[in-house]
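What follows is a set of notes on a single structure, which appears directly below.
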Amino acid sequence: MKYTTAVLTLASATLSLAAPTSTTTSKVIGAREEHAWAGFAVPSIIKNHDVASNLNTQDAQTATVRSGGAETSTLYDIPVPAAAAGRTCALVVRAGRVGAAGGAGGDNVLGERALDVFRNGFADLAALPAGNLRDAQLARVRFDADAGLYRFDKVGFASPAVESFPCPAGKTLHWETVAVGEFDINVIQQDFQVDGANVPNGLSVGWW
């Protein structure tokens, strides 16, 4: 897909540049969220939203990027199954393939290494060719390279609504991830199949 190739080319090119130094350190990241996960909901569809053209392109990865004049956000439909009824849910973002051999199927996380997460007003992402209908912010998360996970940044956003919430079993969540700061590359391959209680790569909703 031409869109995917362009985003990966942008991310790869930045590796040879001196990226702006982030002013954020690990001390702003909230305490590590450790749960005995019982299951996960993964997106049924992902589209990357090009800010300049306003067009949405279906993809198999998050490509939330801001670099120079280029900016993309990522839109998600996440159906939460009946199995999550009565459980507590949380946003989970994993980039566990950074530095994958040869770059094939790998994740690229550079710059601010952060995502702002928003609720969105669209009803069916598959039927949304353009626009994003951004609503309320839900959280800011920042990459923890040691864990391969994004942690809640409670200095950047003090009260994340998706750190712990009643699972909306049987409903579909409509979310968007948006880049932070002037230079932020988050290109993350998405797992669309759940492997038991193992954390999927990409964005998911876990419950316990």
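By convention in this document, the chains of the structure tokens carry letters A, B, ... by their order, each chain's residues are numbered from 1, and ligands are numbered from 1 in the order they are shown.
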
Quick one: residues within 6 Å of A:Asp107, only C-alpha atoms, excluding same-chain residues fewer than 2 positions away - as a JSON list (two decimals) with N, CA, C and O atoms, in the first residue's frame?
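In the end it all went to around-v4.json:
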[["chain", "number", "residue", "atom", "x", "y", "z"],
["A", 97, "ARG", "N", 7.93, -4.79, 18.78],
["A", 97, "ARG", "CA", 8.73, -5.22, 17.62],
["A", 97, "ARG", "C", 9.69, -4.13, 17.16],
["A", 97, "ARG", "O", 10.09, -4.11, 16.01],
["A", 98, "VAL", "N", 10.06, -3.24, 18.05],
["A", 98, "VAL", "CA", 11.04, -2.21, 17.72],
["A", 98, "VAL", "C", 12.37, -2.90, 17.43],
["A", 98, "VAL", "O", 12.83, -3.74, 18.21],
["A", 187, "VAL", "N", 4.86, 4.22, 14.75],
["A", 187, "VAL", "CA", 4.42, 3.29, 13.70],
["A", 187, "VAL", "C", 4.46, 1.89, 14.30],
["A", 187, "VAL", "O", 5.54, 1.35, 14.59],
["A", 188, "ILE", "N", 3.28, 1.31, 14.55],
["A", 188, "ILE", "CA", 3.17, 0.10, 15.37],
["A", 188, "ILE", "C", 2.30, -0.92, 14.64],
["A", 188, "ILE", "O", 1.13, -0.67, 14.36]]

### Task
Identify all residues of stretch 37-203 of chain A in helix (DSSP H, G or I) (DSSP on the backbone) and supply them as a ChimeraX atom specification.
/A:82-84,101-103,125-127

### Message
Could you pull out the strand (DSSP E) residues of chain A, going by DSSP on the backbone, and write them as JSON, numbers by chain?
### Response
{"A": [39, 40, 41, 45, 46, 47, 48, 49, 50, 56, 57, 58, 59, 61, 62, 63, 64, 65, 66, 67, 70, 71, 72, 73, 74, 75, 76, 77, 78, 79, 88, 89, 90, 91, 92, 93, 94, 108, 109, 110, 111, 114, 115, 116, 117, 118, 119, 120, 134, 135, 136, 137, 138, 139, 140, 141, 142, 143, 144, 149, 150, 151, 152, 165, 166, 172, 173, 174, 175, 176, 177, 178, 179, 184, 185, 186, 187, 188, 189, 202, 203, 204, 205, 206, 207]}

### Query
Of the candidates A:Phe183, A:Cys89, A:Trp175, A:Ala126, which one gets nearest to A:Gly69 if we count only C-alpha atoms?
A:Phe183

### Task
List the neighbours of A:Leu75 out to 8 Å using only C-alpha atoms; skip same-chain residues closer than 5 positions along the sequence, and give me the result as a ChimeraX atom specification.
/A:46-49,125,132,174-177

### Message
Please list as a list in words every residue within 6 Å of A:Val42, counting only C-alpha atoms and excluding residues in the same chain fewer than 6 positions away.
### Response
Ile78, Phe192 and Ser204 of chain A

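Counting only C-alpha atoms and comparing A:Thr88, A:Asp59, A:Gln189, A:Gly202, the residue that lies closest to A:Gly39 is A:Thr88.
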
### Message
Env of A:Pro43: 9 Å cut, atoms = only C-alpha atoms, seq-sep filter 6 positions within chain, self excluded. Answer as an NGL selection string.
### Response
:A and (76-79 or 173 or 190-192 or 203-205)

Go ahead and dump the residues you just picked, all heavy atoms, as a compact mmCIF listing (two decimals), in the first residue's frame.
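The result, written out as again_36.txt:
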# COMPACT_ATOMS: atom_id res chain seq x y z
N TYR A 76 -9.67 4.07 15.16
CA TYR A 76 -9.91 2.67 15.51
C TYR A 76 -11.39 2.42 15.81
O TYR A 76 -12.02 3.23 16.48
CB TYR A 76 -9.15 2.27 16.79
CG TYR A 76 -7.69 2.65 16.84
CD1 TYR A 76 -7.31 3.92 17.25
CD2 TYR A 76 -6.70 1.73 16.50
CE1 TYR A 76 -5.97 4.28 17.32
CE2 TYR A 76 -5.36 2.07 16.57
CZ TYR A 76 -5.00 3.36 16.98
OH TYR A 76 -3.67 3.72 17.05
N ASP A 77 -11.90 1.30 15.35
CA ASP A 77 -13.13 0.70 15.87
C ASP A 77 -12.71 -0.51 16.70
O ASP A 77 -12.02 -1.41 16.19
CB ASP A 77 -14.06 0.23 14.74
CG ASP A 77 -15.06 1.29 14.32
OD1 ASP A 77 -15.13 2.35 14.95
OD2 ASP A 77 -15.79 1.03 13.33
N ILE A 78 -13.13 -0.55 17.97
CA ILE A 78 -12.71 -1.64 18.88
C ILE A 78 -13.97 -2.27 19.48
O ILE A 78 -14.53 -1.74 20.45
CB ILE A 78 -11.80 -1.12 19.99
CG1 ILE A 78 -10.66 -0.28 19.41
CG2 ILE A 78 -11.24 -2.28 20.82
CD1 ILE A 78 -9.99 0.61 20.43
N PRO A 79 -14.46 -3.38 18.93
CA PRO A 79 -15.62 -4.04 19.52
C PRO A 79 -15.23 -4.78 20.81
O PRO A 79 -14.27 -5.55 20.82
CB PRO A 79 -16.05 -5.04 18.44
CG PRO A 79 -15.15 -4.81 17.26
CD PRO A 79 -13.97 -4.06 17.74
N LEU A 173 -15.95 0.74 20.73
CA LEU A 173 -15.27 1.98 21.07
C LEU A 173 -14.72 2.61 19.79
O LEU A 173 -14.17 1.92 18.93
CB LEU A 173 -14.14 1.72 22.05
CG LEU A 173 -14.56 1.08 23.38
CD1 LEU A 173 -13.34 0.66 24.19
CD2 LEU A 173 -15.42 2.05 24.19
N GLN A 190 -0.17 -3.90 14.08
CA GLN A 190 -1.33 -4.30 14.88
C GLN A 190 -1.59 -5.80 14.78
O GLN A 190 -1.66 -6.36 13.69
CB GLN A 190 -2.59 -3.56 14.41
CG GLN A 190 -3.83 -3.91 15.19
CD GLN A 190 -3.77 -3.46 16.64
OE1 GLN A 190 -3.43 -2.31 16.93
NE2 GLN A 190 -4.09 -4.35 17.58
N ASP A 191 -1.71 -6.44 15.94
CA ASP A 191 -2.23 -7.82 15.99
C ASP A 191 -3.75 -7.76 15.97
O ASP A 191 -4.36 -7.08 16.80
CB ASP A 191 -1.77 -8.53 17.27
CG ASP A 191 -0.30 -8.90 17.26
OD1 ASP A 191 0.31 -8.90 16.16
OD2 ASP A 191 0.25 -9.18 18.34
N PHE A 192 -4.36 -8.48 15.04
CA PHE A 192 -5.82 -8.50 14.94
C PHE A 192 -6.41 -9.79 15.53
O PHE A 192 -7.62 -9.95 15.55
CB PHE A 192 -6.26 -8.33 13.49
CG PHE A 192 -6.01 -6.95 12.95
CD1 PHE A 192 -4.87 -6.67 12.23
CD2 PHE A 192 -6.91 -5.91 13.19
CE1 PHE A 192 -4.63 -5.39 11.72
CE2 PHE A 192 -6.69 -4.63 12.71
CZ PHE A 192 -5.54 -4.38 11.97
N LEU A 203 -2.60 -1.43 19.54
CA LEU A 203 -3.57 -0.89 20.51
C LEU A 203 -4.64 -1.93 20.80
O LEU A 203 -5.16 -2.58 19.89
CB LEU A 203 -4.19 0.39 19.96
CG LEU A 203 -5.16 1.14 20.89
CD1 LEU A 203 -5.02 2.65 20.72
CD2 LEU A 203 -6.61 0.73 20.61
N SER A 204 -4.98 -2.06 22.08
CA SER A 204 -6.04 -2.98 22.48
C SER A 204 -6.68 -2.48 23.76
O SER A 204 -6.24 -1.50 24.37
CB SER A 204 -5.48 -4.39 22.70
OG SER A 204 -4.52 -4.42 23.75
N VAL A 205 -7.77 -3.13 24.14
CA VAL A 205 -8.42 -2.90 25.42
C VAL A 205 -8.34 -4.20 26.19
O VAL A 205 -8.87 -5.25 25.74
CB VAL A 205 -9.89 -2.46 25.23
CG1 VAL A 205 -10.60 -2.39 26.58
CG2 VAL A 205 -9.94 -1.09 24.53

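Distance check against A:Gln193 using only C-alpha atoms: of A:Gly96, A:Asp50, A:Phe40, A:Ala84, the minimum falls on A:Phe40.
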
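The spacing separating atom CA of A:Val162 from atom CA of A:Arg119 amounts to 10.2 Å.
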
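Interatomic distance, atom CA of A:Val180 to atom CA of A:Ala197: 30.0 Å.
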
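Distances to A:Pro129 were evaluated for A:Ile185, A:Glu112, A:Ser53, A:Ser67 using only C-alpha atoms, and the minimum falls at A:Ser53.
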